[in-house]
Amino acid sequence: MPLNIYARTALLRNFWHDMRRYARHSFAIASNGRENQRAIIRILTHYLEGGESFPDVRLGFGQEKAHSILNKIEVYVADFEADDTVLWAHATLESYLAFHRCQGMPLVDIEERHAEQARRLCIHPRDGGGGSELVRAEEIRNAVDFDFGESLRNRHSVRQYTPAQISDDQIHKIVVNAQQCPNVCNRQTIRVYAYNDRKTVQKILPLQAGNAGFRQEIGTLFIVTANLEHFNLIGERYQGWIDGGIFAMTLALAIHAEGLGACFLNWSVEQEADQLLRNALRIPDNEIVITCMSAGHLKDEFRVPVSARKPLDEVLTLSREVVL
């Protein structure tokens, strides 16, 4: 078979494989599962959060969505249970209602429904951490009072580590910090599989093709996945990769902030290799594997690729006018 025909056939086969997975697990076609329902509650509730954050808030916004949230909570609790998603939704509704009360426009019918549902479900909305908050520019400036560019220039793809193992507490801190990254509609679709036992890591690494030259150095491995059950539009078919990429970069920066080294291990593979990893690590079919990442303690001295960056004019298009 000519190479171009073989490549086209393989490409179509892999696209078809990805499409079927998205159709199975997203709710672009049907919404039945628990994660599907959790996602739509988060989508609607985040609309209210965002609305409070606009520079010129239109009072009375989002009432239809507020009623829809309360309706969907009823269905969700009947099918499953009142969990953190319900608590967060009620906290956001409480913030939304308090915002309107402060503006002299109480939304009485939503207030009553919200209060009755909270009582019945034994929910204390103020414990949920939703809604909006006031942030001061000075606080942000104080938090970023360091040379960020210099920090980035000192982040490298590190392929040499000491034998010392990263502590579990450090891994917890790294992932908690990475969770602060942006994500679509606050759906938080990402899952991290962290392997922190050297023998286990050495068994997994042969499944990834790009680490053979430094495999023996690696004692900690992260695998980042995105849950397709949180997406509901045809246009979101690639959103898992976007959210996953943002999270993975934040994870790498969180590792760097701990004074540790990390290296992305590319997971751009065909379906057969992907399935081998899934089978070995029991990664469910509803999750797409975004990337792998090694991590470890830095040696006192080590070599890294220079990896020179392109000239800025090949990357940046700075425009002031556009014709529409």
# chains A, B, ... in the order shown; residues from 1 in each chain; ligands from 1
>>> residues_around(residues="Asp79 in chain A", least_positions_apart="5", cutoff="12 Å", atoms="only C-alpha atoms", output="PyMOL selection string")
chain A and resi 32-35+37-38+72-74
>>> write_last_selection(atoms="N, CA and C atoms", output="CSV table (one decimal), in the first residue's frame")
chain,number,residue,atom,x,y,z
A,32,ASN,N,-27.2,11.6,30.4
A,32,ASN,CA,-27.7,10.6,31.3
A,32,ASN,C,-26.9,10.4,32.6
A,33,GLY,N,-25.6,10.5,32.4
A,33,GLY,CA,-24.7,10.1,33.5
A,33,GLY,C,-24.6,11.2,34.6
A,34,ARG,N,-24.0,10.8,35.7
A,34,ARG,CA,-23.8,11.7,36.8
A,34,ARG,C,-22.9,12.8,36.5
A,35,GLU,N,-21.8,12.5,35.8
A,35,GLU,CA,-20.9,13.6,35.4
A,35,GLU,C,-21.5,14.6,34.4
A,37,GLN,N,-24.7,15.4,34.4
A,37,GLN,CA,-25.5,16.3,35.1
A,37,GLN,C,-24.8,17.3,36.0
A,38,ARG,N,-23.7,16.8,36.6
A,38,ARG,CA,-22.8,17.7,37.4
A,38,ARG,C,-22.3,18.8,36.5
A,72,LYS,N,-32.6,21.3,38.1
A,72,LYS,CA,-31.6,20.3,37.8
A,72,LYS,C,-31.1,19.7,39.1
A,73,ILE,N,-31.0,20.5,40.2
A,73,ILE,CA,-30.6,19.9,41.4
A,73,ILE,C,-31.6,18.9,41.9
A,74,GLU,N,-32.9,19.1,41.7
A,74,GLU,CA,-33.9,18.2,42.1
A,74,GLU,C,-33.7,16.8,41.4
>>> residues_around(residues="range 7-23 of chain A", least_positions_apart="4", cutoff="8 Å", atoms="only C-alpha atoms", output="list of chain:residue names")
A:Leu3, A:Phe27, A:Ala28, A:Ile29, A:Leu228, A:Arg237, A:Glu270, A:Gln271, A:Asp285, A:Asn286
>>> closest_residue(among="A:Thr200, A:Gln180, A:Ser132, A:Ser268", to="Ala280 in chain A", atoms="only C-alpha atoms")
A:Thr200
>>> residues_around(residues="Ile190 in chain A", least_positions_apart="3", cutoff="12 Å", atoms="only C-alpha atoms", output="PyMOL selection string")
chain A and resi 175+178-184+186-187+193+223-230+239-248+251+286-291
>>> write_last_selection(atoms="C-alpha atoms", output="PDB file, in the first residue's frame")
ATOM      1  CA  VAL A 175      -1.617  19.398  42.317  1.00  0.00           C
ATOM      2  CA  ALA A 178      -2.185  23.423  39.555  1.00  0.00           C
ATOM      3  CA  GLN A 179      -5.938  23.336  40.210  1.00  0.00           C
ATOM      4  CA  GLN A 180      -5.929  27.143  40.226  1.00  0.00           C
ATOM      5  CA  CYS A 181      -5.527  27.179  36.431  1.00  0.00           C
ATOM      6  CA  PRO A 182      -8.357  28.477  34.216  1.00  0.00           C
ATOM      7  CA  ASN A 183     -10.830  25.946  32.815  1.00  0.00           C
ATOM      8  CA  VAL A 184     -13.981  26.157  30.765  1.00  0.00           C
ATOM      9  CA  ASN A 186     -15.313  26.023  36.001  1.00  0.00           C
ATOM     10  CA  ARG A 187     -16.141  22.445  35.010  1.00  0.00           C
ATOM     11  CA  TYR A 193      -2.625  10.123  38.103  1.00  0.00           C
ATOM     12  CA  ILE A 223      -0.335  11.478  33.878  1.00  0.00           C
ATOM     13  CA  VAL A 224      -2.912  14.169  33.074  1.00  0.00           C
ATOM     14  CA  THR A 225      -6.332  13.223  31.674  1.00  0.00           C
ATOM     15  CA  ALA A 226      -9.555  15.091  30.852  1.00  0.00           C
ATOM     16  CA  ASN A 227     -13.064  13.754  31.425  1.00  0.00           C
ATOM     17  CA  LEU A 228     -15.210  13.946  28.278  1.00  0.00           C
ATOM     18  CA  GLU A 229     -18.411  13.587  30.307  1.00  0.00           C
ATOM     19  CA  HIS A 230     -18.240  17.303  31.128  1.00  0.00           C
ATOM     20  CA  GLN A 239     -11.958  21.377  24.730  1.00  0.00           C
ATOM     21  CA  GLY A 240     -10.583  18.507  26.812  1.00  0.00           C
ATOM     22  CA  TRP A 241      -7.216  18.916  25.096  1.00  0.00           C
ATOM     23  CA  ILE A 242      -7.305  22.683  25.709  1.00  0.00           C
ATOM     24  CA  ASP A 243      -8.197  22.393  29.391  1.00  0.00           C
ATOM     25  CA  GLY A 244      -5.721  19.538  29.765  1.00  0.00           C
ATOM     26  CA  GLY A 245      -2.914  21.508  28.147  1.00  0.00           C
ATOM     27  CA  ILE A 246      -3.541  24.528  30.363  1.00  0.00           C
ATOM     28  CA  PHE A 247      -3.570  22.300  33.447  1.00  0.00           C
ATOM     29  CA  ALA A 248      -0.426  20.441  32.393  1.00  0.00           C
ATOM     30  CA  LEU A 251       1.386  21.587  36.803  1.00  0.00           C
ATOM     31  CA  ASN A 286     -14.398   8.489  29.296  1.00  0.00           C
ATOM     32  CA  GLU A 287     -11.011  10.141  29.953  1.00  0.00           C
ATOM     33  CA  ILE A 288      -8.576  11.251  27.253  1.00  0.00           C
ATOM     34  CA  VAL A 289      -4.872  11.077  28.072  1.00  0.00           C
ATOM     35  CA  ILE A 290      -3.364  14.540  27.591  1.00  0.00           C
ATOM     36  CA  THR A 291       0.285  14.077  28.527  1.00  0.00           C
TER      37      THR A 291
END
>>> select_by_dssp(residues="range 33-271 of chain A", states="strand (DSSP E or B)", output="PyMOL selection string")
chain A and resi 157+161+190-195+220-227+260-265
>>> write_last_selection(atoms="N, CA and C atoms", output="PDB file, in the first residue's frame")
ATOM      1  N   SER A 157      13.253  21.786  30.704  1.00  0.00           N
ATOM      2  CA  SER A 157      12.867  20.374  30.631  1.00  0.00           C
ATOM      3  C   SER A 157      14.027  19.567  31.191  1.00  0.00           C
ATOM      4  N   TYR A 161      17.816  13.711  37.497  1.00  0.00           N
ATOM      5  CA  TYR A 161      17.287  13.873  38.850  1.00  0.00           C
ATOM      6  C   TYR A 161      18.164  13.122  39.843  1.00  0.00           C
ATOM      7  N   ILE A 190     -10.249  17.902  34.735  1.00  0.00           N
ATOM      8  CA  ILE A 190      -8.948  17.231  34.733  1.00  0.00           C
ATOM      9  C   ILE A 190      -8.802  16.259  35.894  1.00  0.00           C
ATOM     10  N   ARG A 191      -8.128  15.154  35.612  1.00  0.00           N
ATOM     11  CA  ARG A 191      -7.712  14.202  36.648  1.00  0.00           C
ATOM     12  C   ARG A 191      -6.211  13.973  36.506  1.00  0.00           C
ATOM     13  N   VAL A 192      -5.534  13.831  37.640  1.00  0.00           N
ATOM     14  CA  VAL A 192      -4.091  13.584  37.649  1.00  0.00           C
ATOM     15  C   VAL A 192      -3.825  12.228  38.282  1.00  0.00           C
ATOM     16  N   TYR A 193      -3.100  11.391  37.561  1.00  0.00           N
ATOM     17  CA  TYR A 193      -2.625  10.123  38.103  1.00  0.00           C
ATOM     18  C   TYR A 193      -1.149  10.316  38.445  1.00  0.00           C
ATOM     19  N   ALA A 194      -0.815  10.263  39.735  1.00  0.00           N
ATOM     20  CA  ALA A 194       0.561  10.472  40.177  1.00  0.00           C
ATOM     21  C   ALA A 194       1.123   9.152  40.703  1.00  0.00           C
ATOM     22  N   TYR A 195       2.232   8.750  40.139  1.00  0.00           N
ATOM     23  CA  TYR A 195       2.898   7.514  40.549  1.00  0.00           C
ATOM     24  C   TYR A 195       4.221   7.908  41.200  1.00  0.00           C
ATOM     25  N   THR A 220       9.254   9.706  39.791  1.00  0.00           N
ATOM     26  CA  THR A 220       7.889  10.210  39.939  1.00  0.00           C
ATOM     27  C   THR A 220       7.330  10.500  38.553  1.00  0.00           C
ATOM     28  N   LEU A 221       6.086  10.080  38.333  1.00  0.00           N
ATOM     29  CA  LEU A 221       5.452  10.256  37.032  1.00  0.00           C
ATOM     30  C   LEU A 221       4.028  10.764  37.228  1.00  0.00           C
ATOM     31  N   PHE A 222       3.685  11.823  36.496  1.00  0.00           N
ATOM     32  CA  PHE A 222       2.328  12.338  36.468  1.00  0.00           C
ATOM     33  C   PHE A 222       1.705  12.007  35.112  1.00  0.00           C
ATOM     34  N   ILE A 223       0.430  11.647  35.118  1.00  0.00           N
ATOM     35  CA  ILE A 223      -0.335  11.478  33.878  1.00  0.00           C
ATOM     36  C   ILE A 223      -1.589  12.329  34.008  1.00  0.00           C
ATOM     37  N   VAL A 224      -1.791  13.230  33.052  1.00  0.00           N
ATOM     38  CA  VAL A 224      -2.912  14.169  33.074  1.00  0.00           C
ATOM     39  C   VAL A 224      -3.970  13.696  32.086  1.00  0.00           C
ATOM     40  N   THR A 225      -5.220  13.609  32.543  1.00  0.00           N
ATOM     41  CA  THR A 225      -6.332  13.223  31.674  1.00  0.00           C
ATOM     42  C   THR A 225      -7.456  14.250  31.790  1.00  0.00           C
ATOM     43  N   ALA A 226      -8.368  14.232  30.817  1.00  0.00           N
ATOM     44  CA  ALA A 226      -9.555  15.091  30.852  1.00  0.00           C
ATOM     45  C   ALA A 226     -10.790  14.228  30.670  1.00  0.00           C
ATOM     46  N   ASN A 227     -11.832  14.535  31.425  1.00  0.00           N
ATOM     47  CA  ASN A 227     -13.064  13.754  31.425  1.00  0.00           C
ATOM     48  C   ASN A 227     -14.034  14.297  30.378  1.00  0.00           C
ATOM     49  N   LEU A 260      11.791  21.847  42.072  1.00  0.00           N
ATOM     50  CA  LEU A 260      11.985  20.517  41.490  1.00  0.00           C
ATOM     51  C   LEU A 260      12.087  20.637  39.977  1.00  0.00           C
ATOM     52  N   GLY A 261      12.467  19.552  39.311  1.00  0.00           N
ATOM     53  CA  GLY A 261      12.540  19.529  37.868  1.00  0.00           C
ATOM     54  C   GLY A 261      11.445  18.663  37.282  1.00  0.00           C
ATOM     55  N   ALA A 262      11.078  18.967  36.036  1.00  0.00           N
ATOM     56  CA  ALA A 262      10.043  18.187  35.355  1.00  0.00           C
ATOM     57  C   ALA A 262      10.332  18.164  33.863  1.00  0.00           C
ATOM     58  N   CYS A 263       9.769  17.176  33.198  1.00  0.00           N
ATOM     59  CA  CYS A 263       9.898  17.081  31.753  1.00  0.00           C
ATOM     60  C   CYS A 263       8.614  16.501  31.179  1.00  0.00           C
ATOM     61  N   PHE A 264       8.007  17.218  30.224  1.00  0.00           N
ATOM     62  CA  PHE A 264       6.843  16.686  29.528  1.00  0.00           C
ATOM     63  C   PHE A 264       7.251  15.455  28.732  1.00  0.00           C
ATOM     64  N   LEU A 265       6.433  14.416  28.806  1.00  0.00           N
ATOM     65  CA  LEU A 265       6.621  13.197  28.021  1.00  0.00           C
ATOM     66  C   LEU A 265       5.415  13.081  27.097  1.00  0.00           C
TER      67      LEU A 265
END
>>> closest_residue(among="A:Gly149, A:Ala143, A:Gln170, A:Thr162", to="Phe302 in chain A", atoms="only C-alpha atoms")
A:Thr162
>>> select_by_dssp(residues="range 125-201 of chain A", states="alpha helix (DSSP H)", output="MDAnalysis selection string")
chainID A and resid 137:143 148:153 168:178 198:201
>>> write_last_selection(atoms="N, CA and C atoms", output="JSON list (two decimals), in the first residue's frame")
[["chain", "number", "residue", "atom", "x", "y", "z"],
["A", 137, "ALA", "N", -6.44, 45.07, 43.53],
["A", 137, "ALA", "CA", -5.28, 45.05, 42.64],
["A", 137, "ALA", "C", -3.97, 44.99, 43.43],
["A", 138, "GLU", "N", -3.95, 45.66, 44.58],
["A", 138, "GLU", "CA", -2.73, 45.68, 45.39],
["A", 138, "GLU", "C", -2.34, 44.28, 45.85],
["A", 139, "GLU", "N", -3.35, 43.47, 46.19],
["A", 139, "GLU", "CA", -3.07, 42.09, 46.62],
["A", 139, "GLU", "C", -2.41, 41.30, 45.49],
["A", 140, "ILE", "N", -2.91, 41.49, 44.28],
["A", 140, "ILE", "CA", -2.33, 40.78, 43.13],
["A", 140, "ILE", "C", -0.91, 41.25, 42.89],
["A", 141, "ARG", "N", -0.70, 42.58, 42.91],
["A", 141, "ARG", "CA", 0.65, 43.11, 42.67],
["A", 141, "ARG", "C", 1.63, 42.61, 43.72],
["A", 142, "ASN", "N", 1.20, 42.53, 44.97],
["A", 142, "ASN", "CA", 2.08, 42.02, 46.01],
["A", 142, "ASN", "C", 2.42, 40.55, 45.79],
["A", 143, "ALA", "N", 1.43, 39.78, 45.31],
["A", 143, "ALA", "CA", 1.64, 38.35, 45.10],
["A", 143, "ALA", "C", 2.59, 38.07, 43.94],
["A", 148, "PHE", "N", 8.92, 37.39, 36.99],
["A", 148, "PHE", "CA", 8.29, 36.21, 36.40],
["A", 148, "PHE", "C", 9.06, 35.73, 35.18],
["A", 149, "GLY", "N", 9.54, 36.67, 34.36],
["A", 149, "GLY", "CA", 10.31, 36.28, 33.18],
["A", 149, "GLY", "C", 11.55, 35.51, 33.55],
["A", 150, "GLU", "N", 12.24, 35.96, 34.59],
["A", 150, "GLU", "CA", 13.44, 35.25, 35.03],
["A", 150, "GLU", "C", 13.08, 33.86, 35.54],
["A", 151, "SER", "N", 11.96, 33.74, 36.24],
["A", 151, "SER", "CA", 11.52, 32.43, 36.71],
["A", 151, "SER", "C", 11.25, 31.49, 35.55],
["A", 152, "LEU", "N", 10.58, 32.02, 34.50],
["A", 152, "LEU", "CA", 10.30, 31.20, 33.32],
["A", 152, "LEU", "C", 11.58, 30.80, 32.60],
["A", 153, "ARG", "N", 12.52, 31.74, 32.50],
["A", 153, "ARG", "CA", 13.78, 31.42, 31.82],
["A", 153, "ARG", "C", 14.59, 30.38, 32.58],
["A", 168, "ASP", "N", 5.04, 12.68, 49.21],
["A", 168, "ASP", "CA", 3.61, 12.71, 48.88],
["A", 168, "ASP", "C", 3.01, 14.08, 49.21],
["A", 169, "ASP", "N", 3.48, 14.70, 50.29],
["A", 169, "ASP", "CA", 2.97, 16.02, 50.66],
["A", 169, "ASP", "C", 3.29, 17.04, 49.57],
["A", 170, "GLN", "N", 4.47, 16.96, 48.98],
["A", 170, "GLN", "CA", 4.82, 17.87, 47.90],
["A", 170, "GLN", "C", 3.92, 17.65, 46.69],
["A", 171, "ILE", "N", 3.62, 16.39, 46.40],
["A", 171, "ILE", "CA", 2.73, 16.09, 45.27],
["A", 171, "ILE", "C", 1.35, 16.68, 45.52],
["A", 172, "HIS", "N", 0.84, 16.54, 46.74],
["A", 172, "HIS", "CA", -0.46, 17.13, 47.08],
["A", 172, "HIS", "C", -0.43, 18.64, 46.85],
["A", 173, "LYS", "N", 0.62, 19.30, 47.32],
["A", 173, "LYS", "CA", 0.74, 20.75, 47.18],
["A", 173, "LYS", "C", 0.81, 21.15, 45.71],
["A", 174, "ILE", "N", 1.59, 20.41, 44.93],
["A", 174, "ILE", "CA", 1.76, 20.70, 43.50],
["A", 174, "ILE", "C", 0.42, 20.63, 42.78],
["A", 175, "VAL", "N", -0.35, 19.58, 43.03],
["A", 175, "VAL", "CA", -1.62, 19.40, 42.32],
["A", 175, "VAL", "C", -2.65, 20.42, 42.79],
["A", 176, "VAL", "N", -2.68, 20.72, 44.08],
["A", 176, "VAL", "CA", -3.59, 21.75, 44.59],
["A", 176, "VAL", "C", -3.29, 23.10, 43.91],
["A", 177, "ASN", "N", -2.02, 23.44, 43.78],
["A", 177, "ASN", "CA", -1.65, 24.68, 43.11],
["A", 177, "ASN", "C", -2.02, 24.66, 41.64],
["A", 178, "ALA", "N", -1.83, 23.53, 40.98],
["A", 178, "ALA", "CA", -2.19, 23.42, 39.55],
["A", 178, "ALA", "C", -3.69, 23.57, 39.34],
["A", 198, "ARG", "N", 9.28, 4.29, 42.68],
["A", 198, "ARG", "CA", 10.24, 4.15, 41.59],
["A", 198, "ARG", "C", 10.04, 2.85, 40.81],
["A", 199, "LYS", "N", 9.79, 1.75, 41.49],
["A", 199, "LYS", "CA", 9.62, 0.46, 40.79],
["A", 199, "LYS", "C", 8.38, 0.50, 39.90],
["A", 200, "THR", "N", 7.30, 1.07, 40.41],
["A", 200, "THR", "CA", 6.07, 1.18, 39.62],
["A", 200, "THR", "C", 6.30, 2.07, 38.41],
["A", 201, "VAL", "N", 6.95, 3.21, 38.63],
["A", 201, "VAL", "CA", 7.22, 4.16, 37.54],
["A", 201, "VAL", "C", 8.05, 3.50, 36.45]]
>>> atom_distance(atom1="CA of Ile166 in chain A", atom2="CA of Pro284 in chain A")
26.7 Å
>>> atom_distance(atom1="CA of Asn196 in chain A", atom2="CA of Gly219 in chain A")
6.4 Å
>>> residues_around(residues="Ile218 in chain A", least_positions_apart="3", cutoff="7 Å", atoms="only C-alpha atoms", output="PyMOL selection string")
chain A and resi 161+215+294-296
>>> write_last_selection(atoms="C-alpha atoms", output="JSON list (two decimals), in the first residue's frame")
[["chain", "number", "residue", "atom", "x", "y", "z"],
["A", 161, "TYR", "CA", 17.29, 13.87, 38.85],
["A", 215, "ARG", "CA", 14.35, 6.47, 32.16],
["A", 294, "SER", "CA", 8.39, 13.09, 34.82],
["A", 295, "ALA", "CA", 9.53, 14.91, 37.95],
["A", 296, "GLY", "CA", 12.31, 14.74, 40.50]]
>>> residues_around(residues="Pro305 in chain A", least_positions_apart="3", cutoff="12 Å", atoms="only C-alpha atoms", output="list in words")
Arg155, His156, Ser157, Val158, Arg159, Gln160, Cys263, Phe302, Ala308 and Arg309 of chain A
>>> residues_around(residues="Leu70 in chain A", least_positions_apart="2", cutoff="10 Å", atoms="only C-alpha atoms", output="list in words")
Ile41, Lys65, Ala66, His67, Ser68, Lys72, Ile73, Glu74, Val75, Tyr76, Val86, Ala89, His90, Leu93, Ile110, Arg113, His114 and Gln117 of chain A
>>> atom_distance(atom1="CA of Glu49 in chain A", atom2="CA of Asp145 in chain A")
28.3 Å
>>> decode(residues="range 187-250 of chain A", atoms="C-alpha atoms", output="mmCIF file, in the first residue's frame")
data_model
loop_
_atom_site.group_PDB
_atom_site.id
_atom_site.type_symbol
_atom_site.label_atom_id
_atom_site.label_comp_id
_atom_site.auth_asym_id
_atom_site.auth_seq_id
_atom_site.Cartn_x
_atom_site.Cartn_y
_atom_site.Cartn_z
ATOM 1 C CA ARG A 187 -16.141 22.445 35.010
ATOM 2 C CA GLN A 188 -12.755 21.192 36.284
ATOM 3 C CA THR A 189 -12.521 18.251 33.916
ATOM 4 C CA ILE A 190 -8.948 17.231 34.733
ATOM 5 C CA ARG A 191 -7.712 14.202 36.648
ATOM 6 C CA VAL A 192 -4.091 13.584 37.649
ATOM 7 C CA TYR A 193 -2.625 10.123 38.103
ATOM 8 C CA ALA A 194 0.561 10.472 40.177
ATOM 9 C CA TYR A 195 2.898 7.514 40.549
ATOM 10 C CA ASN A 196 5.479 8.039 43.255
ATOM 11 C CA ASP A 197 7.072 4.622 43.638
ATOM 12 C CA ARG A 198 10.237 4.146 41.587
ATOM 13 C CA LYS A 199 9.620 0.464 40.788
ATOM 14 C CA THR A 200 6.073 1.180 39.619
ATOM 15 C CA VAL A 201 7.216 4.156 37.543
ATOM 16 C CA GLN A 202 9.897 2.066 35.851
ATOM 17 C CA LYS A 203 7.240 -0.454 34.818
ATOM 18 C CA ILE A 204 5.053 2.260 33.283
ATOM 19 C CA LEU A 205 7.710 4.250 31.421
ATOM 20 C CA PRO A 206 8.323 1.755 28.560
ATOM 21 C CA LEU A 207 4.765 2.492 27.413
ATOM 22 C CA GLN A 208 5.921 6.031 26.508
ATOM 23 C CA ALA A 209 8.433 6.209 23.674
ATOM 24 C CA GLY A 210 10.396 9.365 24.525
ATOM 25 C CA ASN A 211 12.107 8.610 27.830
ATOM 26 C CA ALA A 212 14.534 5.783 27.068
ATOM 27 C CA GLY A 213 17.643 7.976 27.376
ATOM 28 C CA PHE A 214 16.911 9.018 30.968
ATOM 29 C CA ARG A 215 14.349 6.468 32.155
ATOM 30 C CA GLN A 216 16.541 5.222 34.989
ATOM 31 C CA GLU A 217 16.521 8.727 36.531
ATOM 32 C CA ILE A 218 12.746 8.963 36.908
ATOM 33 C CA GLY A 219 11.102 8.174 40.235
ATOM 34 C CA THR A 220 7.889 10.210 39.939
ATOM 35 C CA LEU A 221 5.452 10.256 37.032
ATOM 36 C CA PHE A 222 2.328 12.338 36.468
ATOM 37 C CA ILE A 223 -0.335 11.478 33.878
ATOM 38 C CA VAL A 224 -2.912 14.169 33.074
ATOM 39 C CA THR A 225 -6.332 13.223 31.674
ATOM 40 C CA ALA A 226 -9.555 15.091 30.852
ATOM 41 C CA ASN A 227 -13.064 13.754 31.425
ATOM 42 C CA LEU A 228 -15.210 13.946 28.278
ATOM 43 C CA GLU A 229 -18.411 13.587 30.307
ATOM 44 C CA HIS A 230 -18.240 17.303 31.128
ATOM 45 C CA PHE A 231 -18.620 18.535 27.537
ATOM 46 C CA ASN A 232 -21.954 19.100 25.851
ATOM 47 C CA LEU A 233 -21.376 20.774 22.487
ATOM 48 C CA ILE A 234 -20.057 19.597 19.135
ATOM 49 C CA GLY A 235 -17.830 22.676 19.230
ATOM 50 C CA GLU A 236 -16.293 21.430 22.491
ATOM 51 C CA ARG A 237 -14.892 18.279 20.911
ATOM 52 C CA TYR A 238 -11.327 19.546 21.463
ATOM 53 C CA GLN A 239 -11.958 21.377 24.730
ATOM 54 C CA GLY A 240 -10.583 18.507 26.812
ATOM 55 C CA TRP A 241 -7.216 18.916 25.096
ATOM 56 C CA ILE A 242 -7.305 22.683 25.709
ATOM 57 C CA ASP A 243 -8.197 22.393 29.391
ATOM 58 C CA GLY A 244 -5.721 19.538 29.765
ATOM 59 C CA GLY A 245 -2.914 21.508 28.147
ATOM 60 C CA ILE A 246 -3.541 24.528 30.363
ATOM 61 C CA PHE A 247 -3.570 22.300 33.447
ATOM 62 C CA ALA A 248 -0.426 20.441 32.393
ATOM 63 C CA MET A 249 1.534 23.671 31.924
ATOM 64 C CA THR A 250 0.350 24.928 35.304
#
